[in-house]
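*Asks:* Pasting a structure here, questions to come.
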Amino acid sequence: MKHKPEKEISDLNSDNNIRIIIENSDLKQIYQELKTKNFTLNMISREIGVDIKGPLYRDYSISKACYQKLVDLVGREIRHNIRGLNLKDVRGLNRIQVEHSVLKNVVDDLNRRGYSLNNISMKIGTQIGHALRIGYSINEASFNKLEHLYGKEIPHCIKDVKKKIDFPINLKKNGDLAEMIGIILGDGHLHKKGELKYKDSVLCISLNRIDEKEYVDYVKDLMYNIFKINPELKPRKGSKGIDLKLYGNGLIDTLVSKGLQTGDKIQNQVHVPLWINKEQNWIRNNCEVWNLKYRPLVIRCLKGLVDTDGSIYVVTRDKTININFRNGSLPLVKDFRELCISLEIKAGDISKTEKLSKKSGKKQNAYMVQIQAKEQVRKFIELIKPEKWKIKMKIIEEKLKKLGTTIEEALTIKHNL
């Protein structure tokens with residue numbers, strides 16, 4: 001996975017060569033937001049000092065100054081990449097560590113292809129021989145060039161100085177945070193310094209970097225949007241896993257104040273915070289408030305939960321698509337079901353099984369709820385828009401094709417005439 005240099009615009013040197021790239025889809029979303037405020041393309045172009053039609057309809061970059069004016073105009077940070085940085089501009093960004101044996105294999109392969117150590121060093125902008133002999137890390141820009149030269153992904157980890165959030169921060173109770181809460185409840189954990197083996201207060205989210213690489217990127221971006229710090233990325237040796245980590249007492253205290261718990265989630269029998277999950281009686285008595293304020297939070301939290309501990313799969317016998325959510329915390333599975341019901345999505349009864357814990361080797365209870373009816377599965381996918389569905393859709397489509405049907409047929413009720 002590529003790790004492009006990212007830094008706050010205000011921290012960069014005012015180099016005229018620096019150009020800001022905003023993805024076409026993000027720029028179109030910004031235009032739609034400003035359009036609701038009666039801004040035309042010409043008005044936006046005049047405000048930021050560049051013709052916005054070019055970047056809107058084709059790959060194009062804008063200057064740092066124009067980008068900042070666009071940020072001021074829309075009133076929020078805009079996801080972006082930076083083009084035109086020299087190596088001196090990226091000092092202090094993440095350092096990339098590659099295991100010595102892996103780096104040696106890469107260099108040996110490049111040697112066989114006619115690249116000497118000096119050739120490689122000139123291509124990537126740093127002395128590769130030093131990294132080989134001493135084992136020190138290299139900056140992201142050089143690592144990205146090395147991967148490009150090599151032609152495929154190089155296993156690595158990020159060796160950045162730990163960026164800690166030492167003081168509580170102000171996090172708005174919005175959709176992004178609701179989804180992050182769901183992700184943490186599913187595949188994350190919180191620990192305070194001194195708990196068990198933990199030497200730092202840490203938020204860790206464990207994902208699959210091989211089969212769901214796109215989702216790793218998605219969560220990384222979401223963490224940055226919420227916490228304004230890129231997470232530390234640590235691939236797990238001998239597995240497909242990768243840990244996304246942020247540190248600091250202030251971070252953990254803030255997340256605890258939003259309804260999460262530190263420690264073992266199963267022992268704690270965690271649940272969805274009450275600022276997201278409202279009781280059915282309260283919803284019935286406060287429909288307007290719930291629809292306006294809480295319904296969007298429920299949708300995003302369900303997205304985080306299903307993308308982590310959920311499954312979307314083909315039932316071969318019935319040629320249909322089912323969704324389930326499985327977790328060792330019974331309150332959390334109950335909450336998943338209640339959140340679905342609040343959106344008028346019918347979920348089945350909760351079932352209980354036993355599974356063997358990888359950590360302890362002991363049997364643990366696991367609880368599961370399923371969504372099976374075609375119209376309910378369709379409603380869930382269309383409303384929640386899981387990233388897991390986007391990632392798995394082609395695989396599901398192929399499986400259904402082999403069974404002689406399609407996604408559309410698998411999600412459509414056949415009415416008898």
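Numbering starts fresh at 1 for the residues of each chain in the structure tokens, the chains themselves are lettered A, B, ... in the order given, and ligands are numbered from 1 as they appear.
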Just the residues within 8 Å of stretch 74-80 of chain A, please, counting only C-alpha atoms, with nothing from its chain fewer than 2 positions along; format it as a JSON list (two decimals) with N, CA and C atoms, in the first residue's frame.

*Replies:*
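Saved file around.json follows:
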[["chain", "number", "residue", "atom", "x", "y", "z"],
["A", 20, "ILE", "N", -1.63, 21.20, -5.06],
["A", 20, "ILE", "CA", -2.58, 20.41, -4.26],
["A", 20, "ILE", "C", -3.50, 19.65, -5.20],
["A", 21, "ILE", "N", -3.60, 18.34, -4.96],
["A", 21, "ILE", "CA", -4.47, 17.49, -5.77],
["A", 21, "ILE", "C", -5.67, 17.07, -4.93],
["A", 22, "ILE", "N", -6.87, 17.38, -5.41],
["A", 22, "ILE", "CA", -8.11, 16.94, -4.76],
["A", 22, "ILE", "C", -8.78, 15.96, -5.71],
["A", 23, "GLU", "N", -9.15, 14.79, -5.20],
["A", 23, "GLU", "CA", -9.78, 13.80, -6.06],
["A", 23, "GLU", "C", -11.05, 14.36, -6.68],
["A", 26, "ASP", "N", -14.25, 14.08, -4.68],
["A", 26, "ASP", "CA", -14.32, 15.00, -3.53],
["A", 26, "ASP", "C", -14.63, 16.41, -3.98],
["A", 30, "ILE", "N", -17.77, 18.91, -3.02],
["A", 30, "ILE", "CA", -17.61, 20.29, -2.54],
["A", 30, "ILE", "C", -18.46, 21.23, -3.38],
["A", 33, "GLU", "N", -22.02, 21.00, -2.34],
["A", 33, "GLU", "CA", -22.23, 21.71, -1.07],
["A", 33, "GLU", "C", -22.36, 23.22, -1.30],
["A", 34, "LEU", "N", -21.44, 23.77, -2.10],
["A", 34, "LEU", "CA", -21.46, 25.21, -2.36],
["A", 34, "LEU", "C", -22.65, 25.61, -3.24],
["A", 70, "LEU", "N", -10.27, 27.78, -0.99],
["A", 70, "LEU", "CA", -11.39, 26.84, -1.15],
["A", 70, "LEU", "C", -11.80, 26.27, 0.20],
["A", 71, "VAL", "N", -10.81, 25.95, 1.04],
["A", 71, "VAL", "CA", -11.09, 25.46, 2.40],
["A", 71, "VAL", "C", -11.90, 26.50, 3.17],
["A", 72, "ASP", "N", -11.48, 27.77, 3.09],
["A", 72, "ASP", "CA", -12.19, 28.86, 3.79],
["A", 72, "ASP", "C", -13.61, 29.00, 3.27],
["A", 82, "ILE", "N", -0.43, 15.96, -2.07],
["A", 82, "ILE", "CA", 0.48, 17.05, -2.42],
["A", 82, "ILE", "C", 1.40, 16.59, -3.54]]

*Asks:* Running DSSP on the backbone, which parts of stretch 216-247 of chain A land in helix (DSSP H, G or I), as an MDAnalysis selection string?

*Replies:* chainID A and resid 216:227

*Asks:* Just write the chosen residues, N, CA and C atoms, as a PDB file, in the first residue's frame.

*Replies:*
ATOM      1  N   VAL A 216      -8.495  -0.624   4.659  1.00  0.00           N
ATOM      2  CA  VAL A 216      -7.409  -0.079   5.487  1.00  0.00           C
ATOM      3  C   VAL A 216      -7.194   1.392   5.135  1.00  0.00           C
ATOM      4  N   ASP A 217      -7.156   1.689   3.843  1.00  0.00           N
ATOM      5  CA  ASP A 217      -6.989   3.076   3.404  1.00  0.00           C
ATOM      6  C   ASP A 217      -8.167   3.937   3.864  1.00  0.00           C
ATOM      7  N   TYR A 218      -9.360   3.372   3.768  1.00  0.00           N
ATOM      8  CA  TYR A 218     -10.569   4.103   4.164  1.00  0.00           C
ATOM      9  C   TYR A 218     -10.523   4.469   5.650  1.00  0.00           C
ATOM     10  N   VAL A 219     -10.182   3.497   6.493  1.00  0.00           N
ATOM     11  CA  VAL A 219     -10.128   3.739   7.944  1.00  0.00           C
ATOM     12  C   VAL A 219      -9.001   4.708   8.286  1.00  0.00           C
ATOM     13  N   LYS A 220      -7.867   4.561   7.625  1.00  0.00           N
ATOM     14  CA  LYS A 220      -6.744   5.480   7.839  1.00  0.00           C
ATOM     15  C   LYS A 220      -7.177   6.917   7.575  1.00  0.00           C
ATOM     16  N   ASP A 221      -7.875   7.145   6.456  1.00  0.00           N
ATOM     17  CA  ASP A 221      -8.356   8.486   6.124  1.00  0.00           C
ATOM     18  C   ASP A 221      -9.381   8.980   7.140  1.00  0.00           C
ATOM     19  N   LEU A 222     -10.261   8.082   7.575  1.00  0.00           N
ATOM     20  CA  LEU A 222     -11.278   8.463   8.554  1.00  0.00           C
ATOM     21  C   LEU A 222     -10.627   8.865   9.883  1.00  0.00           C
ATOM     22  N   MET A 223      -9.619   8.113  10.308  1.00  0.00           N
ATOM     23  CA  MET A 223      -8.911   8.448  11.551  1.00  0.00           C
ATOM     24  C   MET A 223      -8.248   9.821  11.443  1.00  0.00           C
ATOM     25  N   TYR A 224      -7.658  10.091  10.278  1.00  0.00           N
ATOM     26  CA  TYR A 224      -7.022  11.399  10.095  1.00  0.00           C
ATOM     27  C   TYR A 224      -8.067  12.513  10.124  1.00  0.00           C
ATOM     28  N   ASN A 225      -9.213  12.287   9.467  1.00  0.00           N
ATOM     29  CA  ASN A 225     -10.265  13.312   9.430  1.00  0.00           C
ATOM     30  C   ASN A 225     -10.781  13.636  10.827  1.00  0.00           C
ATOM     31  N   ILE A 226     -10.838  12.634  11.687  1.00  0.00           N
ATOM     32  CA  ILE A 226     -11.378  12.839  13.034  1.00  0.00           C
ATOM     33  C   ILE A 226     -10.331  13.382  13.993  1.00  0.00           C
ATOM     34  N   PHE A 227      -9.151  12.748  14.015  1.00  0.00           N
ATOM     35  CA  PHE A 227      -8.142  13.063  15.024  1.00  0.00           C
ATOM     36  C   PHE A 227      -7.041  13.992  14.536  1.00  0.00           C
TER      37      PHE A 227
END

*Asks:* Would you list the contacts of A:Thr254 as a PyMOL selection string, taking every protein, DNA or RNA residue within 12 Å and counting only C-alpha atoms, but skipping same-chain residues closer than 2 positions in sequence?

*Replies:* chain A and resi 165-173+177+190+192+201+203+227+247-252+256-262

*Asks:* Please identify all polymer residues within 12 Å of A:Ser121, counting only C-alpha atoms, omitting same-chain residues fewer than 5 positions from it, and present them as an MDAnalysis selection string.

*Replies:* chainID A and resid 107 110 115:116 126:132 138 142:143 145:146 149

*Asks:* Only N, CA and C atoms, please: the residues just picked out, written as a short mmCIF file (atom, residue, chain, number, x, y, z; two decimals), in the first residue's frame.

*Replies:*
data_model
loop_
_atom_site.label_atom_id
_atom_site.label_comp_id
_atom_site.auth_asym_id
_atom_site.auth_seq_id
_atom_site.Cartn_x
_atom_site.Cartn_y
_atom_site.Cartn_z
N VAL A 107 17.05 -5.26 -3.16
CA VAL A 107 18.28 -4.75 -3.77
C VAL A 107 18.92 -5.80 -4.68
N LEU A 110 17.05 -5.90 -7.89
CA LEU A 110 17.37 -4.75 -8.73
C LEU A 110 18.78 -4.86 -9.31
N TYR A 115 20.76 -2.62 -11.95
CA TYR A 115 20.89 -1.42 -11.12
C TYR A 115 21.97 -1.63 -10.06
N SER A 116 22.97 -0.77 -10.04
CA SER A 116 23.98 -0.82 -8.98
C SER A 116 23.44 -0.08 -7.76
N THR A 126 18.26 8.70 -1.80
CA THR A 126 18.90 8.44 -0.51
C THR A 126 19.88 7.28 -0.67
N GLN A 127 20.84 7.19 0.25
CA GLN A 127 21.87 6.15 0.15
C GLN A 127 21.30 4.80 0.60
N ILE A 128 20.99 3.95 -0.37
CA ILE A 128 20.43 2.65 -0.05
C ILE A 128 21.45 1.75 0.64
N GLY A 129 22.74 1.96 0.37
CA GLY A 129 23.78 1.15 1.00
C GLY A 129 23.80 1.31 2.50
N HIS A 130 23.56 2.55 2.98
CA HIS A 130 23.52 2.79 4.42
C HIS A 130 22.37 2.03 5.08
N ALA A 131 21.23 2.05 4.40
CA ALA A 131 20.06 1.34 4.93
C ALA A 131 20.33 -0.16 5.00
N LEU A 132 21.07 -0.66 4.00
CA LEU A 132 21.40 -2.09 3.98
C LEU A 132 22.37 -2.47 5.09
N ILE A 138 14.16 4.86 5.97
CA ILE A 138 14.24 5.88 4.92
C ILE A 138 12.93 6.65 4.87
N SER A 142 11.41 8.58 -0.58
CA SER A 142 12.39 7.64 -1.13
C SER A 142 11.82 6.23 -1.18
N PHE A 143 11.07 5.85 -0.14
CA PHE A 143 10.47 4.51 -0.13
C PHE A 143 9.49 4.34 -1.29
N LYS A 145 9.56 5.83 -4.13
CA LYS A 145 10.34 5.71 -5.37
C LYS A 145 10.97 4.32 -5.48
N LEU A 146 11.38 3.77 -4.34
CA LEU A 146 11.96 2.43 -4.34
C LEU A 146 10.91 1.40 -4.76
N LEU A 149 10.36 1.69 -8.46
CA LEU A 149 11.48 1.10 -9.19
C LEU A 149 11.40 -0.43 -9.15
#

*Asks:* I'd like the contact shell of A:Phe336 - 8 Å cut-off, only C-alpha atoms, skipping same-chain residues fewer than 2 positions apart - returned as a PyMOL selection string.

*Replies:* chain A and resi 302+305+325+332-334+338-340
